[in-house]
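A.B. asks: Once you've had a glance at the structure underneath, I'll fire off some questions.
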Amino acid sequence: MNKKFLPLIFFLLIPIYGCGNSNTKTGTSDIQISQEGMVDQSTRDIISKEYDAKGNLLNCTIGNSSWKRGLPSCNEIIDRRTKDFEKIALAEQKRLEKEKREKIEQFKKSLKEEKQKLEIERREEIKINEIITRKKSNTKSFAFPNGLKIKTISQIRLDPQLNKIIVNCEILKQVGDIDQFTKIFIEGNSRIEIAFFDKQKLELANPIIFPLNIYEGQKAGFKYKKNVGKNISDLKGIKIIGEESNISTSEFMKIDSIGVSIKI
């Protein structure tokens, strides 16, 4: 070989030698790349990478030289990652259990509040129904120039389903001839008027008028029932039943008393 080519050959060999001695971290061993990855030829340790629990890709070694290179063991990273994942899973489980308990407690609380609300509404409804279905009554006696005396027993109540005032008025004979008593139900335009008053004795609405004349009353939609004694000729009284819708529920609740008058 020509001597002038020796320096050139020596220069080309230097990079190849240097590549065989490339190091990681402390660099006391020869590192070569093989199918397994980066392998320390002296210790046969493999220099690799592993992800930690946060997703960071870290350098590590598989073997005994981690302490020399200042790198963590890949097994250590895997163990730590596994424990971190377990902690995260446990924390998530506790969070979900707490959230479930809170939802159950909130549901129970809402259910309890709804029951209380329904109970209050039910009591209010009962109270209102007691008020609007409460009967208002009046008993009054009347004397006529011909000696006839009668007594009226009047009652009103509100039917919340029909939203109507139900009025009952019973006329009883106290003193007098039976003919005098029955005559007022057959002849003339006699009538009973029932007026409504509040606590201040102010009239609330137009009075309800009952025709005493049975025929006129039946035409107007009123019902008449006889109150008899031992036989049909022993007439004690007449009961008149009617429905009126000219009084609202709010007006009915203001009624404190009723007044009764007879127009002959």
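Chain labels follow the order of the structure tokens: the first chain is A, the next B, and so on; residue numbering restarts at 1 in every chain, and ligands are counted from 1 in their shown order.
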Please, which residues of stretch 168-236 of chain A, numbered as in this document, come out strand (DSSP E or B) from DSSP, as a list in words?

C.D. replies: Asn168, Cys169, Glu170, Ile171, Leu172, Lys173, Gln174, Val175, Arg191, Ile192, Glu193, Ile194, Ala195, Phe196, Phe197, Glu203, Ile208, Ile209, Phe210, Pro211, Lys223, Tyr224, Lys225, Lys226, Asn227, Val228, Leu235 and Lys236 of chain A

A.B. asks: If you count only C-alpha atoms, which residues fall within 7 Å of stretch 153-155 of chain A, apart from same-chain ones fewer than 4 positions away, as a list in words?

C.D. replies: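 Counting only the stated atoms, we get Lys135, Lys136, Ser137, Asn138, Thr139, Lys140, Val167, Asn168, Cys169, Glu170 and Ile171 of chain A.
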
A.B. asks: From the options A:Ala220, A:Ile120, A:Ile241, A:Leu212, which residue's atoms come nearest to A:Ile166, counting only C-alpha atoms?

C.D. replies: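 Looking at the shortest contact to A:Ile166, the residue is A:Ile241.
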